[in-house]
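A.B. asks: One structure follows; several queries about it will come next.
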Amino acid sequence: MKAKPVIIGIIIVLCVGLGVYLFLKPHGTAYASDDEASSDENVPTVVSVQVGALQRMTLHRYVTGYGMVGPAPATSDQPAAGAQLAASSAGVVAKVYVVEGQHVEKGDVLLDLNSGSATAEYAEQEVERQKALYAQHNTSLKALQDAEAQLALLQVTTPLSGTVTRLNVKPGTAVDVSTVVAEVTDLNRLAVSSEIPASEAAELRTGEPVQVLTQPAVDTTLSFVSPAVDTNNATVRVWAALPPDSGLRPGEFISLRIVTAVHTNCLVAPEASVVTDVAGHSVVSLVKGNVAARTPVETGFRENGWVEIAGSGLKEGDSVVTVGAYGLPEKTRIQVANSSGGEAAATDSQSSQAQ
């Protein structure tokens, strides 16, 4: 008899608790949560990117190197444009007739020497005396020639017209046949020489365009490609004659590039837009409306921030993702950040219409 009221009481408490729970619980909460989760899954992620346009332009392939400016070497029709001058015999410098920077003509005397057996002054007087005697038929041609040969041993003359770029002696300096007393250079005939790695030199040909990368740049053509490889450093020597108005000076160290191939009117993309996917293929993210889709491409020449590309359906003026292209999924909804251009504004307009 006592158990029955207890059971009835428990049932009443449970019913009251269930009623309170149902009364306090917001209606439709479980269903709303499921709907929100489903909605979140369907909303695509919008990625902020910057874009650029495909263009048509001319690209070049280069071999680059570093070189030194100096006198042009001798060719089949011209002598070398520079010379290091030494005395023909040992002696002491008696007179110097030039200074550095002075222009001289071929055959000009730069300095006189005194030797242990004669002075330049005496040798010059003897030449004049022999000339006068020869004119009067009072001496032989051989005697005159011997006097001139003696004077030549005691004078240093220039074999070319140019500028005295270095003078290494002064009166009283002792010299011998190995002493370089002066240097003369024709500054209108300079050249840049370079050593190119043999692995890159196979495609080099004389006559190919050369750009000396100074400010401003100097354009010329390749004059010489050595047929031999320097075994000490595995390089090939090349040189290119410089125009007379290049503004360069002997001894300058400069960088240069040799144009080995040219592709005209090729389709190019900004370098930042061409990325490599996980499979190792080159791709660009082509923008259509507010979506960027990965498109495989074949790449070619690269120059000044542009890459030659070829791919199905690509044409000049197409928009591609630049900043943000790396790691972009295969098909992604985008928002263009570089909105200063009309291209970005058009993309934003297309995005709002799609929405």
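Scheme for the structure tokens: letters A, B, ... for chains in order shown; per-chain residue numbers from 1; ligand numbers from 1 in order shown.
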Which parts of region 66-233 of chain A does DSSP call alpha helix (DSSP H) when run on the backbone here, written out as an NGL selection string?

C.D. replies: :A and (120-135 or 141-153 or 198-201)

A.B. asks: Enumerate as a PyMOL selection string all residues of region 204-325 of chain A assigned to strand (DSSP E or B) by DSSP on the backbone, naming them with the chain letters and numbers the document uses.

C.D. replies: chain A and resi 209-212+218-221+224-225+230+235-241+253-270+275-276+282-288+291-296+298-303+306-310+319-321

A.B. asks: Just checking: using only C-alpha atoms, which residue out of A:Phe301, A:Trp239, A:Tyr326, A:Tyr97 ends up closest to Thr276 (chain A)?

C.D. replies: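 Closest residue, counting only C-alpha atoms: A:Tyr326.
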
A.B. asks: Restricting the calculation to only C-alpha atoms, which member of A:Asp318, A:Asp77, A:Glu195, A:Glu271 is positioned closest to Arg302 (chain A)?

C.D. replies: A:Glu271

A.B. asks: I'd like to know which of A:Glu105, A:Glu100, A:Glu183, A:Glu148 is closest to Tyr122 (chain A), using only C-alpha atoms.

C.D. replies: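 Result for the nearest residue to Tyr122 (chain A): A:Glu148.
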
A.B. asks: Might you pull out every residue within 9 Å of Tyr62 (chain A), with only C-alpha atoms counted and same-chain residues fewer than 6 positions away left off, and present them as a PyMOL selection string?

C.D. replies: chain A and resi 257-261

A.B. asks: With C-alpha atoms retained, could you export that selection as a tab-separated table (two decimals), in the first residue's frame?

C.D. replies:
```tsv
chain	number	residue	atom	x	y	z
A	257	ARG	CA	74.32	40.61	-72.27
A	258	ILE	CA	74.43	39.06	-75.73
A	259	VAL	CA	71.14	38.52	-77.57
A	260	THR	CA	71.11	34.95	-78.91
A	261	ALA	CA	67.43	34.68	-79.96
```

A.B. asks: Hey, what's within 6 Å of region 88-92 of chain A if we count only C-alpha atoms and toss same-chain stuff fewer than 5 positions away? As a tab-separated table (two decimals) with C-alpha atoms, in the first residue's frame, please?

C.D. replies:
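Final file, part_13.tsv:
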```
chain	number	residue	atom	x	y	z
A	113	LEU	CA	117.23	58.39	-73.31
A	114	ASN	CA	120.89	58.63	-72.53
A	115	SER	CA	122.91	55.42	-72.68
A	153	LEU	CA	117.60	53.33	-79.84
A	172	GLY	CA	116.38	60.57	-64.34
A	173	THR	CA	114.46	57.26	-64.30
A	174	ALA	CA	116.58	54.27	-65.26
A	175	VAL	CA	114.88	51.90	-67.70
A	176	ASP	CA	115.62	48.74	-69.69
A	177	VAL	CA	113.90	46.96	-72.55
```

A.B. asks: Considering only C-alpha atoms, return as a ChimeraX atom specification whatever protein or nucleic-acid residues lie within 9 Å of Val238 (chain A), sequence-local ones (same chain, fewer than 2 positions apart) excluded.

C.D. replies: /A:192-196,222-226,236,240

A.B. asks: Smallest atom-to-atom distance to Val93 (chain A): which of A:Glu203, A:Glu121, A:Glu128, A:Asp108, using only C-alpha atoms?

C.D. replies: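 For Val93 (chain A), the nearest of the candidates is A:Glu121.
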
A.B. asks: Just give me the gap between CA of Thr179 (chain A) and CA of Gln84 (chain A) in Å, one decimal is fine.

C.D. replies: 9.6 Å

A.B. asks: Tell me which of A:Asn233, A:Arg129, A:Val98, A:Arg333 sits closest to Asn168 (chain A), counting only C-alpha atoms.

C.D. replies: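 Of A:Asn233, A:Arg129, A:Val98, A:Arg333, the one nearest Asn168 (chain A) is A:Val98, counting only C-alpha atoms.
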
A.B. asks: Suppose you want the space between CA of Ser246 (chain A) and CA of Ala72 (chain A); what is it in Å?

C.D. replies: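 The value is 13.4 Å.
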
A.B. asks: Find the residues around Val268 (chain A) up to 10 Å (only C-alpha atoms counted), leave out those fewer than 4 positions away in its own chain, and share them as number ranges by chain.

C.D. replies: A: 53-59, 299-303, 305-310, 315-316

A.B. asks: Do you know which residues are at most 12 Å from Val287 (chain A) counting only C-alpha atoms, after dropping those on the same chain fewer than 3 positions away, and could you put them as number ranges by chain?

C.D. replies: A: 49-54, 273, 284, 290-295, 314, 317-322, 325, 330-336, 343-344, 346-348, 350-351

A.B. asks: What does the distance between CA of Leu151 (chain A) and CA of Ala81 (chain A) come to in Å, to one decimal place?

C.D. replies: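 So the answer is 26.1 Å.
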